[in-house]
Amino acid sequence: MSLAGKKIVLAVTGSIAAYKTPHFVRLLVKAGAEVRVLVTDAAAQFVSPLSLATVSKHPVLANVSDGATWNNHVELGLWADVMIIAPCSANTLGKLANGLCDNLVCAVYLSARCPVFIAPAMDEDMWLHASVQSNIRKIQRFGNHIIPVAHGELASGLVGDGRMAEPEDMVKHLAALFGTERPLKGIQALVTAGPTYERLDPVRFIGNFSSGKMGIAIAEALAAKGAQVTLVLGPSHEHTDMAGIKTVKVESAHDMYDACIAAFVNVQIAVLAAAVADYRPQVREAQKIKKNEKEFTLALTKTDDILASLGKIKKAGQTLVGFALETNDELAHAQEKLVKKNADMIVLNSLNDAGAGFGVDTNKITLLRQEGKPIALPLQSKKDAAIAIVNHILELQHAEKIS
Ligand code: CTP
């Protein structure tokens, strides 16, 4: 198990879901992790620190200074390989989003240099409140990992979103971080990312606002699972130095097409996340176009559709994934692309969803496959969305192997 020997700080805050944390600690310890538990005063109302101390086999810490002892938050923050705040109440979330520090949990969070996971838990109305959602987006932008809330019965008796993820699922999220499971070892993958630029003349081009972040996150998630990735990247300020990724820089849709056709024969997975220009200027002027006329009409020619071209030559054993960026009738348009381009999966993002789309660090995606219902995932960081996409690709490959 990939958590063996990992040092984990678990911070428990005030929510009824805290009653699940002794079981969570047991699972972590069973997986070989070393666990130190912190509680807020409110958490201690919901779960006994004695239970947590017993299962973690270490004293539970509550205050920066307990009696005459100074609990060194900086030291704990440096000790941890990963910190998880579970359950994370709306109150603690608000503090994390704003840099407040009135207890040991916040002090360790601010001192931690390791990845931090946050598993929110609260009633649905609280969860959906604009201030809580804004805090979630804020702490995602700081680079924290959010473990999505689950749907189900809540302590209020209502049924809805807001339950803390199950301990077993939280263990999986932590294990995925350390990536010692490398199910894609020996597998070659192709990923496209970023925009394309179509030149009009020596100084101008037609482009779009794609940042390349989503595609790069997918390349990294594939490499973390052991794949050898060719990343065909359009003009982007983003880059990756991760081992296992070879970046091929291109400018136009035509360059990207050539690079993809060359790479595709050798890959088992292709994920086309680039925002490829659909049209390019019919003529590329050798000299700068002068503004002589009152009106100017630009003639455009369709570019080759890379996804559809790969869909045509795809062989058994190759998994082809495309994206669909839509503004209206999203599901219908994405479904049409899935069929028309012969993809195995389409990742739909709608520009109507707050926090999704170009430039931002978060995304809200829906996955459409040839079989089964669309899977709508919650708003999450692009890194977490990439991990989810790769996990679904693994499922598709597994399904093909046993069919
Ligand atoms: N795509 C591609 N080559 C193109 C255009 C798009 O490979 N010339 C790929 C994109 O990388 C994405 C998918 O096709 O994976 C869908 O892109 P999108 O822009 O949503 O759709 P289009 O096919 O361009 O259709 P439309 O613009 O009409 O929505």
# chains A, B, ... in the order shown; residues from 1 in each chain; ligands from 1
call {"tool": "residues_near_ligand", "arguments": {"ligand": "ligand 1", "cutoff": "8 Å", "atoms": "only C-alpha atoms and all ligand atoms", "output": "mmCIF file with N, CA and C atoms, in the first residue's frame"}}
result
data_model
loop_
_atom_site.group_PDB
_atom_site.id
_atom_site.type_symbol
_atom_site.label_atom_id
_atom_site.label_comp_id
_atom_site.auth_asym_id
_atom_site.auth_seq_id
_atom_site.Cartn_x
_atom_site.Cartn_y
_atom_site.Cartn_z
ATOM 1 N N THR A 192 -2.817 16.658 -26.010
ATOM 2 C CA THR A 192 -2.662 17.993 -26.599
ATOM 3 C C THR A 192 -3.163 19.021 -25.592
ATOM 4 N N ALA A 193 -2.562 20.209 -25.620
ATOM 5 C CA ALA A 193 -2.940 21.242 -24.646
ATOM 6 C C ALA A 193 -2.704 22.623 -25.237
ATOM 7 N N ALA A 253 -2.761 24.900 -35.849
ATOM 8 C CA ALA A 253 -3.560 23.669 -35.878
ATOM 9 C C ALA A 253 -2.899 22.640 -36.798
ATOM 10 N N TYR A 257 -1.708 18.989 -35.794
ATOM 11 C CA TYR A 257 -2.215 17.818 -36.528
ATOM 12 C C TYR A 257 -1.042 16.891 -36.890
ATOM 13 N N VAL A 271 -5.393 11.963 -25.264
ATOM 14 C CA VAL A 271 -6.358 12.900 -24.674
ATOM 15 C C VAL A 271 -6.157 14.250 -25.351
ATOM 16 N N LEU A 272 -7.171 14.679 -26.106
ATOM 17 C CA LEU A 272 -7.024 15.918 -26.875
ATOM 18 C C LEU A 272 -7.723 17.060 -26.134
ATOM 19 N N ALA A 273 -6.930 17.781 -25.358
ATOM 20 C CA ALA A 273 -7.492 18.855 -24.529
ATOM 21 C C ALA A 273 -7.231 20.234 -25.133
ATOM 22 N N ALA A 274 -6.522 20.287 -26.249
ATOM 23 C CA ALA A 274 -6.183 21.593 -26.829
ATOM 24 C C ALA A 274 -7.419 22.281 -27.392
ATOM 25 N N ALA A 275 -7.377 23.606 -27.383
ATOM 26 C CA ALA A 275 -8.426 24.402 -28.032
ATOM 27 C C ALA A 275 -7.901 24.745 -29.428
ATOM 28 N N VAL A 276 -8.193 23.842 -30.357
ATOM 29 C CA VAL A 276 -7.627 23.966 -31.705
ATOM 30 C C VAL A 276 -8.481 24.932 -32.530
ATOM 31 N N ALA A 277 -7.834 25.812 -33.292
ATOM 32 C CA ALA A 277 -8.595 26.719 -34.164
ATOM 33 C C ALA A 277 -9.371 25.900 -35.180
ATOM 34 N N ASP A 278 -10.629 26.247 -35.374
ATOM 35 C CA ASP A 278 -11.437 25.536 -36.370
ATOM 36 C C ASP A 278 -11.177 26.075 -37.779
ATOM 37 N N TYR A 279 -10.725 27.341 -37.834
ATOM 38 C CA TYR A 279 -10.469 27.968 -39.139
ATOM 39 C C TYR A 279 -9.126 28.680 -39.113
ATOM 40 N N LYS A 302 -11.317 25.897 -43.248
ATOM 41 C CA LYS A 302 -11.429 24.961 -42.129
ATOM 42 C C LYS A 302 -10.099 24.248 -41.885
ATOM 43 N N THR A 303 -9.754 24.047 -40.634
ATOM 44 C CA THR A 303 -8.556 23.249 -40.326
ATOM 45 C C THR A 303 -8.974 21.775 -40.258
ATOM 46 N N ASP A 304 -7.987 20.888 -40.247
ATOM 47 C CA ASP A 304 -8.319 19.470 -40.071
ATOM 48 C C ASP A 304 -8.722 19.241 -38.630
ATOM 49 N N ASP A 305 -9.747 18.430 -38.407
ATOM 50 C CA ASP A 305 -10.148 18.096 -37.042
ATOM 51 C C ASP A 305 -9.264 16.935 -36.562
ATOM 52 N N ILE A 306 -8.409 17.229 -35.596
ATOM 53 C CA ILE A 306 -7.430 16.210 -35.159
ATOM 54 C C ILE A 306 -8.135 15.040 -34.481
ATOM 55 N N LEU A 307 -9.077 15.378 -33.588
ATOM 56 C CA LEU A 307 -9.782 14.322 -32.853
ATOM 57 C C LEU A 307 -10.520 13.397 -33.818
ATOM 58 N N ALA A 308 -11.246 13.996 -34.760
ATOM 59 C CA ALA A 308 -12.000 13.172 -35.724
ATOM 60 C C ALA A 308 -11.045 12.344 -36.580
ATOM 61 N N SER A 309 -9.891 12.913 -36.943
ATOM 62 C CA SER A 309 -8.931 12.159 -37.772
ATOM 63 C C SER A 309 -8.380 10.967 -37.000
ATOM 64 N N VAL A 321 -9.746 10.215 -26.085
ATOM 65 C CA VAL A 321 -10.578 11.105 -25.258
ATOM 66 C C VAL A 321 -10.517 12.513 -25.829
ATOM 67 N N GLY A 322 -11.673 13.124 -26.000
ATOM 68 C CA GLY A 322 -11.726 14.505 -26.479
ATOM 69 C C GLY A 322 -12.399 15.401 -25.469
ATOM 70 N N PHE A 323 -12.365 16.680 -25.730
ATOM 71 C CA PHE A 323 -13.035 17.659 -24.880
ATOM 72 C C PHE A 323 -14.167 18.302 -25.669
ATOM 73 N N ALA A 324 -15.112 18.868 -24.964
ATOM 74 C CA ALA A 324 -16.131 19.690 -25.625
ATOM 75 C C ALA A 324 -16.338 20.911 -24.742
ATOM 76 N N LEU A 325 -16.135 22.054 -25.323
ATOM 77 C CA LEU A 325 -16.364 23.299 -24.593
ATOM 78 C C LEU A 325 -17.627 23.906 -25.178
ATOM 79 N N GLU A 326 -18.658 23.988 -24.367
ATOM 80 C CA GLU A 326 -19.951 24.401 -24.900
ATOM 81 C C GLU A 326 -20.531 25.572 -24.113
ATOM 82 N N HIS A 333 -24.668 18.589 -27.455
ATOM 83 C CA HIS A 333 -23.527 18.853 -28.331
ATOM 84 C C HIS A 333 -22.358 17.912 -28.022
ATOM 85 N N ALA A 334 -22.134 17.666 -26.750
ATOM 86 C CA ALA A 334 -21.013 16.791 -26.362
ATOM 87 C C ALA A 334 -21.273 15.367 -26.850
ATOM 88 N N LYS A 337 -20.506 15.079 -30.443
ATOM 89 C CA LYS A 337 -19.060 15.009 -30.710
ATOM 90 C C LYS A 337 -18.514 13.614 -30.411
ATOM 91 N N LYS A 341 -16.997 11.951 -33.716
ATOM 92 C CA LYS A 341 -15.538 11.886 -33.782
ATOM 93 C C LYS A 341 -14.994 10.520 -33.338
ATOM 94 N N ILE A 346 -15.837 11.829 -23.893
ATOM 95 C CA ILE A 346 -15.764 13.285 -24.085
ATOM 96 C C ILE A 346 -15.843 13.935 -22.706
#
call {"tool": "closest_atom_pairs", "arguments": {"of": "region 289-361 of chain A", "to": "region 378-383 of chain A", "cutoff": "12 Å", "atoms": "only C-alpha atoms", "output": "CSV"}}
result
residue,atom,partner,partner_atom,distance
A:Asn349,CA,A:Leu379,CA,10.7
A:Ser350,CA,A:Leu379,CA,11.7
A:Asp353,CA,A:Leu379,CA,8.9
A:Ala354,CA,A:Leu379,CA,8.8
A:Gly355,CA,A:Leu379,CA,7.3
A:Ala356,CA,A:Leu379,CA,7.8
A:Gly357,CA,A:Lys382,CA,10.0
A:Phe358,CA,A:Lys382,CA,11.0
A:Gly359,CA,A:Lys382,CA,10.6
A:Val360,CA,A:Lys382,CA,8.5
A:Asp361,CA,A:Lys382,CA,5.7
call {"tool": "residues_around", "arguments": {"residues": "region 117-123 of chain A", "least_positions_apart": "3", "cutoff": "9 Å", "atoms": "only C-alpha atoms", "output": "PyMOL selection string"}}
result
chain A and resi 15-17+82-90+93+126-128+144-150+154-156+158+160-165+170+173-174
call {"tool": "residues_around", "arguments": {"residues": "Glu400 (chain A)", "least_positions_apart": "5", "cutoff": "10 Å", "atoms": "only C-alpha atoms", "output": "ChimeraX atom specification"}}
result
/A:316-319,394-395
call {"tool": "atom_distance", "arguments": {"atom1": "CA of Lys30 (chain A)", "atom2": "CA of Leu10 (chain A)"}}
result
15.1 Å
call {"tool": "select_by_dssp", "arguments": {"residues": "region 254-344 of chain A", "states": "strand (DSSP E)", "output": "NGL selection string"}}
result
:A and (269-272 or 279-281 or 300-302 or 319-326)
call {"tool": "residues_around", "arguments": {"residues": "Val390 (chain A)", "least_positions_apart": "6", "cutoff": "9 Å", "atoms": "only C-alpha atoms", "output": "list of chain:residue names"}}
result
A:Ile218, A:Ala221, A:Leu222, A:Lys225
call {"tool": "write_last_selection", "arguments": {"atoms": "N, CA, C and O atoms", "output": "PDB file, in the first residue's frame"}}
result
ATOM      1  N   ILE A 218      -3.430  16.926 -17.105  1.00  0.00           N
ATOM      2  CA  ILE A 218      -3.724  15.537 -17.543  1.00  0.00           C
ATOM      3  C   ILE A 218      -2.418  14.811 -17.875  1.00  0.00           C
ATOM      4  O   ILE A 218      -2.230  13.654 -17.483  1.00  0.00           O
ATOM      5  N   ALA A 221      -0.936  13.869 -14.626  1.00  0.00           N
ATOM      6  CA  ALA A 221      -1.661  12.782 -13.941  1.00  0.00           C
ATOM      7  C   ALA A 221      -1.352  11.437 -14.608  1.00  0.00           C
ATOM      8  O   ALA A 221      -1.229  10.412 -13.927  1.00  0.00           O
ATOM      9  N   LEU A 222      -1.213  11.440 -15.945  1.00  0.00           N
ATOM     10  CA  LEU A 222      -0.869  10.197 -16.650  1.00  0.00           C
ATOM     11  C   LEU A 222       0.555   9.767 -16.289  1.00  0.00           C
ATOM     12  O   LEU A 222       0.815   8.590 -16.006  1.00  0.00           O
ATOM     13  N   LYS A 225       1.045   8.148 -12.997  1.00  0.00           N
ATOM     14  CA  LYS A 225       0.640   6.731 -12.948  1.00  0.00           C
ATOM     15  C   LYS A 225       1.554   5.866 -13.811  1.00  0.00           C
ATOM     16  O   LYS A 225       1.247   4.717 -14.103  1.00  0.00           O
TER      17      LYS A 225
END
call {"tool": "closest_residue", "arguments": {"among": "A:Ala259, A:Ala97, A:Ala386, A:Ile375", "to": "Ala224 (chain A)", "atoms": "only C-alpha atoms"}}
result
A:Ala386
call {"tool": "atom_distance", "arguments": {"atom1": "CA of Pro374 (chain A)", "atom2": "CA of Asn328 (chain A)"}}
result
16.5 Å
call {"tool": "residues_around", "arguments": {"residues": "Ser51 (chain A)", "least_positions_apart": "5", "cutoff": "12 Å", "atoms": "only C-alpha atoms", "output": "count of residues only"}}
result
17
call {"tool": "residues_around", "arguments": {"residues": "Pro202 (chain A)", "least_positions_apart": "5", "cutoff": "7 Å", "atoms": "only C-alpha atoms", "output": "MDAnalysis selection string"}}
result
chainID A and resid 286:288
call {"tool": "decode", "arguments": {"residues": "region 232-278 of chain A", "atoms": "N, CA and C atoms", "output": "short mmCIF file (atom, residue, chain, number, x, y, z; two decimals), in the first residue's frame"}}
result
data_model
loop_
_atom_site.label_atom_id
_atom_site.label_comp_id
_atom_site.auth_asym_id
_atom_site.auth_seq_id
_atom_site.Cartn_x
_atom_site.Cartn_y
_atom_site.Cartn_z
N VAL A 232 1.78 17.54 -26.72
CA VAL A 232 1.84 18.46 -27.87
C VAL A 232 1.18 19.76 -27.42
N LEU A 233 2.01 20.78 -27.24
CA LEU A 233 1.56 21.99 -26.55
C LEU A 233 1.57 23.20 -27.49
N GLY A 234 0.40 23.82 -27.63
CA GLY A 234 0.30 25.06 -28.40
C GLY A 234 0.93 26.21 -27.63
N PRO A 235 0.95 27.43 -28.21
CA PRO A 235 1.61 28.56 -27.54
C PRO A 235 0.98 28.82 -26.17
N SER A 236 1.77 28.61 -25.10
CA SER A 236 1.23 28.71 -23.73
C SER A 236 2.34 29.20 -22.81
N HIS A 237 1.96 29.93 -21.77
CA HIS A 237 2.95 30.35 -20.78
C HIS A 237 3.22 29.25 -19.77
N GLU A 238 2.37 28.22 -19.78
CA GLU A 238 2.52 27.13 -18.81
C GLU A 238 3.51 26.11 -19.36
N HIS A 239 4.12 25.35 -18.43
CA HIS A 239 4.98 24.26 -18.89
C HIS A 239 5.08 23.22 -17.77
N THR A 240 5.66 22.09 -18.08
CA THR A 240 5.88 21.08 -17.04
C THR A 240 7.29 20.50 -17.20
N ASP A 241 7.90 20.24 -16.06
CA ASP A 241 9.25 19.62 -16.09
C ASP A 241 9.18 18.18 -15.60
N MET A 242 7.96 17.67 -15.46
CA MET A 242 7.82 16.37 -14.81
C MET A 242 8.48 15.26 -15.63
N ALA A 243 9.14 14.35 -14.90
CA ALA A 243 9.78 13.21 -15.57
C ALA A 243 8.70 12.38 -16.25
N GLY A 244 9.03 11.83 -17.41
CA GLY A 244 8.05 10.98 -18.12
C GLY A 244 7.23 11.75 -19.13
N ILE A 245 7.45 13.09 -19.19
CA ILE A 245 6.69 13.89 -20.17
C ILE A 245 7.66 14.53 -21.16
N LYS A 246 7.44 14.27 -22.46
CA LYS A 246 8.22 14.93 -23.51
C LYS A 246 7.32 15.97 -24.16
N THR A 247 7.74 17.25 -24.09
CA THR A 247 6.89 18.30 -24.65
C THR A 247 7.30 18.62 -26.09
N VAL A 248 6.33 18.61 -26.99
CA VAL A 248 6.56 19.01 -28.38
C VAL A 248 5.80 20.32 -28.57
N LYS A 249 6.55 21.42 -28.79
CA LYS A 249 5.88 22.72 -28.92
C LYS A 249 5.45 22.96 -30.36
N VAL A 250 4.21 23.38 -30.52
CA VAL A 250 3.70 23.68 -31.86
C VAL A 250 3.01 25.04 -31.83
N GLU A 251 2.74 25.57 -33.04
CA GLU A 251 2.07 26.87 -33.07
C GLU A 251 0.65 26.76 -33.66
N SER A 252 0.54 26.18 -34.85
CA SER A 252 -0.75 26.22 -35.54
C SER A 252 -1.49 24.88 -35.43
N ALA A 253 -2.76 24.90 -35.85
CA ALA A 253 -3.56 23.67 -35.88
C ALA A 253 -2.90 22.64 -36.80
N HIS A 254 -2.31 23.14 -37.90
CA HIS A 254 -1.67 22.24 -38.86
C HIS A 254 -0.46 21.54 -38.22
N ASP A 255 0.38 22.33 -37.49
CA ASP A 255 1.55 21.73 -36.80
C ASP A 255 1.07 20.69 -35.79
N MET A 256 -0.01 21.05 -35.06
CA MET A 256 -0.51 20.14 -34.03
C MET A 256 -1.02 18.85 -34.67
N TYR A 257 -1.71 18.99 -35.79
CA TYR A 257 -2.22 17.82 -36.53
C TYR A 257 -1.04 16.89 -36.89
N ASP A 258 0.01 17.47 -37.49
CA ASP A 258 1.16 16.65 -37.91
C ASP A 258 1.79 15.93 -36.72
N ALA A 259 1.98 16.67 -35.62
CA ALA A 259 2.62 16.07 -34.43
C ALA A 259 1.76 14.94 -33.87
N CYS A 260 0.45 15.11 -33.91
CA CYS A 260 -0.45 14.09 -33.34
C CYS A 260 -0.50 12.85 -34.21
N ILE A 261 -0.58 13.06 -35.53
CA ILE A 261 -0.63 11.90 -36.44
C ILE A 261 0.66 11.08 -36.28
N ALA A 262 1.80 11.78 -36.14
CA ALA A 262 3.08 11.07 -35.99
C ALA A 262 3.12 10.28 -34.69
N ALA A 263 2.57 10.84 -33.62
CA ALA A 263 2.69 10.18 -32.31
C ALA A 263 1.65 9.08 -32.12
N PHE A 264 0.49 9.23 -32.77
CA PHE A 264 -0.67 8.38 -32.43
C PHE A 264 -0.43 6.89 -32.63
N VAL A 265 0.34 6.52 -33.66
CA VAL A 265 0.54 5.09 -33.95
C VAL A 265 1.17 4.35 -32.77
N ASN A 266 1.93 5.07 -31.95
CA ASN A 266 2.65 4.39 -30.86
C ASN A 266 1.95 4.47 -29.52
N VAL A 267 0.79 5.11 -29.44
CA VAL A 267 0.20 5.32 -28.11
C VAL A 267 -1.03 4.44 -27.88
N GLN A 268 -1.27 4.20 -26.59
CA GLN A 268 -2.48 3.46 -26.20
C GLN A 268 -3.56 4.40 -25.68
N ILE A 269 -3.12 5.62 -25.30
CA ILE A 269 -4.08 6.61 -24.77
C ILE A 269 -3.81 7.94 -25.46
N ALA A 270 -4.88 8.61 -25.92
CA ALA A 270 -4.72 9.97 -26.45
C ALA A 270 -5.82 10.85 -25.86
N VAL A 271 -5.39 11.96 -25.26
CA VAL A 271 -6.36 12.90 -24.67
C VAL A 271 -6.16 14.25 -25.35
N LEU A 272 -7.17 14.68 -26.11
CA LEU A 272 -7.02 15.92 -26.87
C LEU A 272 -7.72 17.06 -26.13
N ALA A 273 -6.93 17.78 -25.36
CA ALA A 273 -7.49 18.85 -24.53
C ALA A 273 -7.23 20.23 -25.13
N ALA A 274 -6.52 20.29 -26.25
CA ALA A 274 -6.18 21.59 -26.83
C ALA A 274 -7.42 22.28 -27.39
N ALA A 275 -7.38 23.61 -27.38
CA ALA A 275 -8.43 24.40 -28.03
C ALA A 275 -7.90 24.74 -29.43
N VAL A 276 -8.19 23.84 -30.36
CA VAL A 276 -7.63 23.97 -31.71
C VAL A 276 -8.48 24.93 -32.53
N ALA A 277 -7.83 25.81 -33.29
CA ALA A 277 -8.60 26.72 -34.16
C ALA A 277 -9.37 25.90 -35.18
N ASP A 278 -10.63 26.25 -35.37
CA ASP A 278 -11.44 25.54 -36.37
C ASP A 278 -11.18 26.07 -37.78
#
